[in-house]
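See structure below.
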Amino acid sequence: MKEIRIIWRTLQEALSSIKAGGFSNVIVISILAVALALFGGVLQLNSSIKQISQNLDTQLEFSIYLLDSAGPQEIANEISKNPKVDKVEIVTKDVAWERFRKKFQFSDIAGNPLPNTIHVNIHKPEYLQEVIKEVKTLAGIEQISYAPELFNGLERVRTILFSFGVLITLILAVGTITIVSNTIQLVIKSRSLEIEILRLVGVDDWFIRGPFIFHGIFYGLIASLLAIVPLVLLQQTVWGSFQASFKTIMPVTFNFDSGADLGVIFVILSLTGILVCGLSSFLTTQKYIGT
Amino acid sequence: MIRLKNVTKQYGKIKALDGVNLEIGAGEMALLVGSSGAGKSTLMKLLYREERPSSGSIVIGNIDVSSLSDSKIPYLRRRMGIVFQDFKLLPHKSAFENVAYALRGLGAEEYEIQKRVSGALNLVGLLERAFNLPSELSGGEQQRVGIARAIVQGPPLVIADEPTGNLDPATSIEIFNLLSKISERGTTVLVSTHNQHIVENIGKRVITLDKGRVTSDTGPIIRSTGLAQGLKR
Ligand SMILES: Nc1ncnc2c1ncn2[C@@H]1O[C@H](COP(=O)(O)OP(=O)(O)OP(=O)(O)O)[C@@H](O)[C@H]1O
Ligand SMILES: [Mg+2]
């Protein structure tokens, strides 16, 4: 009971400490929110790309672009003889061009640059390499496009982006710690009389330091709440249109999920915010009011 | 209650205290006098463990202050009340809240806070000003709040470093009468002062410091305050 009362009163003191912070709270929280949003953005991008590439990894489909000299029907017949192949679909260059123009609303430009295409579906993802190998032996094939090729490319991009993101995040974390420490230090200085009196009347360290630590945690919490907002908007707009255009451009069809899991990202952001801010205010109180 | 054995406090080359031996019994009231720089504040800071002695031992009750670890300081200070020359009140809190502040931090229950704070304010005669801010109180009244804060936890010892240093003579006498009253209730009281009139008339033990040494000590005097008579004379 006594402990609960002390925690409750510590929270009340924290509130008055925050009130005393005034406008500087707004500045600190804004900067923190931007930093956390960038960090969240990195996580979001990473998880989105990961989702796409995982989707690619389990594809049962690949596309064959034919030379204009080759007859699509014969090649399609040849491929469908393979028992590992489930389904074969021909998209002639005229059909493809028509779809493309509709999608991107091109007015007529000279000529049709698209090849005749055959979409091949196989029974199991493991068969993919095998079937492709056989298809390659056929004449009239210009290019084969299949997901794992893209998967590798995407994974490389993801790794680079992620490392870059981690680096930026680390730099931001150092900046954040500095800003929070400085702010809490100012608050401590402005309440030095209170702190002195509390010490002289024998109040325990934790009750003296607690409000300032909660003050820091409050920064982290509010900033992470703000940081998730642009990420939600980003997900709703960019992911949606990306998904739509990706489906038309890609040679294969996808079953996209909802994009990055913002719930998980929010938990990560708020924990990071609370931990980093809480820790820097903890260390600041240790330095300036610790015994 | 208080026992100092061969206590020396050195600040660089300055010996603020030099081999002080002193014993003050429970419930006793003692005045600490001496010219500026004699070491009065230093002695008091050693008692509430704001400073550590360079050598010697200090025991208060059953607490060995000279070897007390930093983390035990709050424990020591809850067993003493400290009164300051500059009052050290929080300007934005009422008299009541100033007295209650420490109790809140110690996790006391609300009804107990009410009871104890009212009791302390009543004892210093300020109950009807409980909800005034320090800026709305006179210097003497502010010091009464400071004394109420010092005694609210019912400590066996009260230490006051020049509590009347910022007050006029008449108000100073009131404050000293209040401190006598507190000591008569069984609390040990140690007060430093420059006020010669009070030193001569209060009828309490007087300990004189000079250049860090105890140069005279009247020894324990058990006599009620002679201040009121002193005034009339
Ligand atoms: N923190 C310190 N650092 C260095 N010297 C100090 C410190 N505190 C006190 N002194 C010195 O110790 C000596 C005793 O000081 P102290 O404050 O105890 O005197 P005092 O008797 O309280 O004087 P006053 O009546 O003016 O308050 C003085 O010479 C002072 O300059
Ligand atoms: Mg002094």
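Letters A, B, ... mark the chains of the structure tokens in the order given; residue numbers begin at 1 per chain; ligand numbers begin at 1, in order shown.
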
(Q) What are the residues of chain A lining chain B at 10 Å or less? Count only C-alpha atoms, and put the answer as a count of residues only. (A) 29

(message) Could you list, as a list in words, every residue within 12 Å of Leu233 of chain A, counting only C-alpha atoms and ignoring same-chain residues fewer than 4 positions away?
(response)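 My reading of the contact set: Ala37, Gly41, Gln44, Leu226, Ala227, Ile228, Val229, Thr237, Val238, Trp239, Gly240 and Leu262 of chain A.
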
Kindly compile the residues surrounding ligand 2 within 8 Å, counting only C-alpha atoms and all ligand atoms, and format them as a VMD selection string.
chain B and resid 36 to 37 39 to 42 161 to 162 192

Let me have all residues with an atom within 12 Å of ligand 1, counting only C-alpha atoms and all ligand atoms, laid out as a JSON list (two decimals) with N, CA and C atoms, in the first residue's frame.
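Output contents, as saved in out.json:
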```json
[["chain", "number", "residue", "atom", "x", "y", "z"],
["B", 8, "THR", "N", 37.53, 16.49, 13.75],
["B", 8, "THR", "CA", 38.24, 17.50, 12.98],
["B", 8, "THR", "C", 37.66, 17.53, 11.57],
["B", 9, "LYS", "N", 37.44, 18.75, 11.07],
["B", 9, "LYS", "CA", 37.01, 18.89, 9.68],
["B", 9, "LYS", "C", 37.93, 19.87, 8.98],
["B", 10, "GLN", "N", 38.54, 19.40, 7.95],
["B", 10, "GLN", "CA", 39.53, 20.20, 7.25],
["B", 10, "GLN", "C", 39.06, 20.50, 5.84],
["B", 11, "TYR", "N", 39.06, 21.78, 5.46],
["B", 11, "TYR", "CA", 38.79, 22.16, 4.07],
["B", 11, "TYR", "C", 40.12, 22.63, 3.50],
["B", 12, "GLY", "N", 40.79, 21.78, 2.76],
["B", 12, "GLY", "CA", 42.11, 22.17, 2.28],
["B", 12, "GLY", "C", 43.02, 22.45, 3.46],
["B", 13, "LYS", "N", 43.50, 23.68, 3.55],
["B", 13, "LYS", "CA", 44.39, 24.02, 4.66],
["B", 13, "LYS", "C", 43.62, 24.52, 5.88],
["B", 14, "ILE", "N", 42.33, 24.92, 5.63],
["B", 14, "ILE", "CA", 41.55, 25.48, 6.73],
["B", 14, "ILE", "C", 41.01, 24.37, 7.62],
["B", 15, "LYS", "N", 41.28, 24.52, 8.93],
["B", 15, "LYS", "CA", 40.68, 23.59, 9.89],
["B", 15, "LYS", "C", 39.40, 24.21, 10.40],
["B", 16, "ALA", "N", 38.26, 23.84, 9.80],
["B", 16, "ALA", "CA", 36.98, 24.41, 10.23],
["B", 16, "ALA", "C", 36.62, 23.91, 11.62],
["B", 17, "LEU", "N", 36.94, 22.66, 11.91],
["B", 17, "LEU", "CA", 36.76, 22.12, 13.26],
["B", 17, "LEU", "C", 38.06, 21.42, 13.65],
["B", 18, "ASP", "N", 38.44, 21.58, 14.93],
["B", 18, "ASP", "CA", 39.76, 21.09, 15.33],
["B", 18, "ASP", "C", 39.66, 20.36, 16.67],
["B", 32, "LEU", "N", 24.76, 27.17, 20.18],
["B", 32, "LEU", "CA", 26.12, 27.13, 19.65],
["B", 32, "LEU", "C", 26.47, 28.56, 19.24],
["B", 33, "VAL", "N", 27.49, 29.13, 19.86],
["B", 33, "VAL", "CA", 27.84, 30.51, 19.52],
["B", 33, "VAL", "C", 29.30, 30.59, 19.11],
["B", 34, "GLY", "N", 29.68, 31.75, 18.61],
["B", 34, "GLY", "CA", 31.06, 31.93, 18.16],
["B", 34, "GLY", "C", 31.07, 32.88, 16.99],
["B", 35, "SER", "N", 32.20, 33.53, 16.81],
["B", 35, "SER", "CA", 32.28, 34.54, 15.75],
["B", 35, "SER", "C", 32.16, 33.88, 14.39],
["B", 36, "SER", "N", 31.99, 34.71, 13.39],
["B", 36, "SER", "CA", 31.84, 34.21, 12.02],
["B", 36, "SER", "C", 33.07, 33.40, 11.64],
["B", 37, "GLY", "N", 32.83, 32.24, 11.06],
["B", 37, "GLY", "CA", 33.94, 31.39, 10.65],
["B", 37, "GLY", "C", 34.45, 30.48, 11.74],
["B", 38, "ALA", "N", 33.77, 30.48, 12.90],
["B", 38, "ALA", "CA", 34.23, 29.67, 14.03],
["B", 38, "ALA", "C", 34.01, 28.18, 13.80],
["B", 39, "GLY", "N", 33.06, 27.84, 12.90],
["B", 39, "GLY", "CA", 32.83, 26.43, 12.61],
["B", 39, "GLY", "C", 31.46, 25.92, 13.00],
["B", 40, "LYS", "N", 30.53, 26.84, 13.32],
["B", 40, "LYS", "CA", 29.20, 26.44, 13.76],
["B", 40, "LYS", "C", 28.45, 25.68, 12.65],
["B", 41, "SER", "N", 28.40, 26.28, 11.48],
["B", 41, "SER", "CA", 27.67, 25.62, 10.39],
["B", 41, "SER", "C", 28.33, 24.30, 10.03],
["B", 42, "THR", "N", 29.66, 24.29, 10.07],
["B", 42, "THR", "CA", 30.38, 23.05, 9.75],
["B", 42, "THR", "C", 29.97, 21.94, 10.70],
["B", 43, "LEU", "N", 29.92, 22.27, 11.99],
["B", 43, "LEU", "CA", 29.53, 21.26, 12.98],
["B", 43, "LEU", "C", 28.14, 20.70, 12.67],
["B", 44, "MET", "N", 27.23, 21.61, 12.32],
["B", 44, "MET", "CA", 25.87, 21.16, 12.04],
["B", 44, "MET", "C", 25.80, 20.32, 10.77],
["B", 45, "LYS", "N", 26.57, 20.71, 9.77],
["B", 45, "LYS", "CA", 26.57, 19.92, 8.52],
["B", 45, "LYS", "C", 27.10, 18.52, 8.77],
["B", 46, "LEU", "N", 28.04, 18.41, 9.72],
["B", 46, "LEU", "CA", 28.54, 17.07, 10.06],
["B", 46, "LEU", "C", 27.44, 16.25, 10.72],
["B", 50, "GLU", "N", 25.79, 16.28, 5.82],
["B", 50, "GLU", "CA", 25.99, 16.99, 4.57],
["B", 50, "GLU", "C", 27.48, 16.93, 4.24],
["B", 51, "GLU", "N", 28.27, 16.88, 5.31],
["B", 51, "GLU", "CA", 29.72, 16.74, 5.19],
["B", 51, "GLU", "C", 30.16, 15.55, 6.04],
["B", 52, "ARG", "N", 31.34, 15.04, 5.72],
["B", 52, "ARG", "CA", 31.92, 13.98, 6.54],
["B", 52, "ARG", "C", 33.09, 14.55, 7.32],
["B", 84, "PHE", "N", 16.50, 26.16, 8.79],
["B", 84, "PHE", "CA", 17.51, 26.95, 8.08],
["B", 84, "PHE", "C", 17.31, 28.45, 8.27],
["B", 85, "GLN", "N", 18.41, 29.14, 8.14],
["B", 85, "GLN", "CA", 18.35, 30.60, 8.23],
["B", 85, "GLN", "C", 17.44, 31.18, 7.15],
["B", 160, "ALA", "N", 19.10, 23.66, 14.25],
["B", 160, "ALA", "CA", 18.73, 24.92, 13.60],
["B", 160, "ALA", "C", 19.97, 25.80, 13.48],
["B", 161, "ASP", "N", 20.37, 26.09, 12.24],
["B", 161, "ASP", "CA", 21.54, 26.92, 12.00],
["B", 161, "ASP", "C", 21.11, 28.37, 11.78],
["B", 162, "GLU", "N", 21.36, 29.21, 12.77],
["B", 162, "GLU", "CA", 20.95, 30.61, 12.74],
["B", 162, "GLU", "C", 19.52, 30.80, 12.26],
["B", 163, "PRO", "N", 18.56, 30.21, 12.95],
["B", 163, "PRO", "CA", 17.17, 30.28, 12.48],
["B", 163, "PRO", "C", 16.61, 31.69, 12.52],
["B", 165, "GLY", "N", 18.54, 34.45, 11.94],
["B", 165, "GLY", "CA", 19.50, 35.33, 11.26],
["B", 165, "GLY", "C", 18.85, 36.37, 10.36],
["B", 191, "VAL", "N", 20.91, 24.85, 18.54],
["B", 191, "VAL", "CA", 20.68, 26.06, 17.74],
["B", 191, "VAL", "C", 21.96, 26.89, 17.71],
["B", 192, "SER", "N", 22.32, 27.36, 16.54],
["B", 192, "SER", "CA", 23.44, 28.30, 16.50],
["B", 192, "SER", "C", 22.86, 29.71, 16.39],
["B", 193, "THR", "N", 23.56, 30.67, 16.97],
["B", 193, "THR", "CA", 23.04, 32.05, 16.91],
["B", 193, "THR", "C", 24.15, 33.07, 17.15],
["B", 194, "HIS", "N", 23.89, 34.26, 16.65],
["B", 194, "HIS", "CA", 24.75, 35.41, 16.90],
["B", 194, "HIS", "C", 24.08, 36.38, 17.87],
["B", 195, "ASN", "N", 22.84, 36.03, 18.29],
["B", 195, "ASN", "CA", 22.03, 36.96, 19.05],
["B", 195, "ASN", "C", 22.43, 36.95, 20.53],
["B", 208, "THR", "N", 30.58, 27.53, 23.17],
["B", 208, "THR", "CA", 31.26, 28.54, 22.37],
["B", 208, "THR", "C", 32.36, 27.89, 21.54],
["B", 209, "LEU", "N", 32.32, 28.22, 20.25],
["B", 209, "LEU", "CA", 33.37, 27.75, 19.34],
["B", 209, "LEU", "C", 34.24, 28.93, 18.97],
["B", 210, "ASP", "N", 35.55, 28.65, 18.85],
["B", 210, "ASP", "CA", 36.44, 29.68, 18.32],
["B", 210, "ASP", "C", 37.52, 28.99, 17.49],
["B", 211, "LYS", "N", 37.60, 29.40, 16.25],
["B", 211, "LYS", "CA", 38.57, 28.81, 15.32],
["B", 211, "LYS", "C", 38.52, 27.28, 15.33],
["B", 212, "GLY", "N", 37.31, 26.77, 15.38],
["B", 212, "GLY", "CA", 37.15, 25.32, 15.28],
["B", 212, "GLY", "C", 37.31, 24.56, 16.57],
["B", 213, "ARG", "N", 37.54, 25.26, 17.67],
["B", 213, "ARG", "CA", 37.67, 24.56, 18.95],
["B", 213, "ARG", "C", 36.58, 25.00, 19.90],
["B", 214, "VAL", "N", 36.20, 24.11, 20.83],
["B", 214, "VAL", "CA", 35.25, 24.48, 21.87],
["B", 214, "VAL", "C", 36.03, 25.22, 22.95]]
```

Practice problem: Measure the distance from atom CA of Trp97 of chain A to atom CA of Glu61 of chain A in Å and round it to one decimal. | Solution: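 Atom CA of Trp97 of chain A sits 20.9 Å away from atom CA of Glu61 of chain A.
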
Those of segment 14-186 of chain B in DSSP strand (DSSP E or B), formatted as a ChimeraX atom specification: /B:14-24,29-33,55-60,63-64,80-83,157-161

query = Out of segment 33-197 of chain B, which residues get alpha helix (DSSP H) from DSSP, as number ranges by chain?
reply = B: 40-47, 73-77, 95-105, 110-123, 139-151, 169-184, 196-197

Across A:Ile64, A:Asn121, A:Tyr127, A:Thr176, the smallest distance to Ala139 of chain A, with only C-alpha atoms counted, is shown by A:Ile64
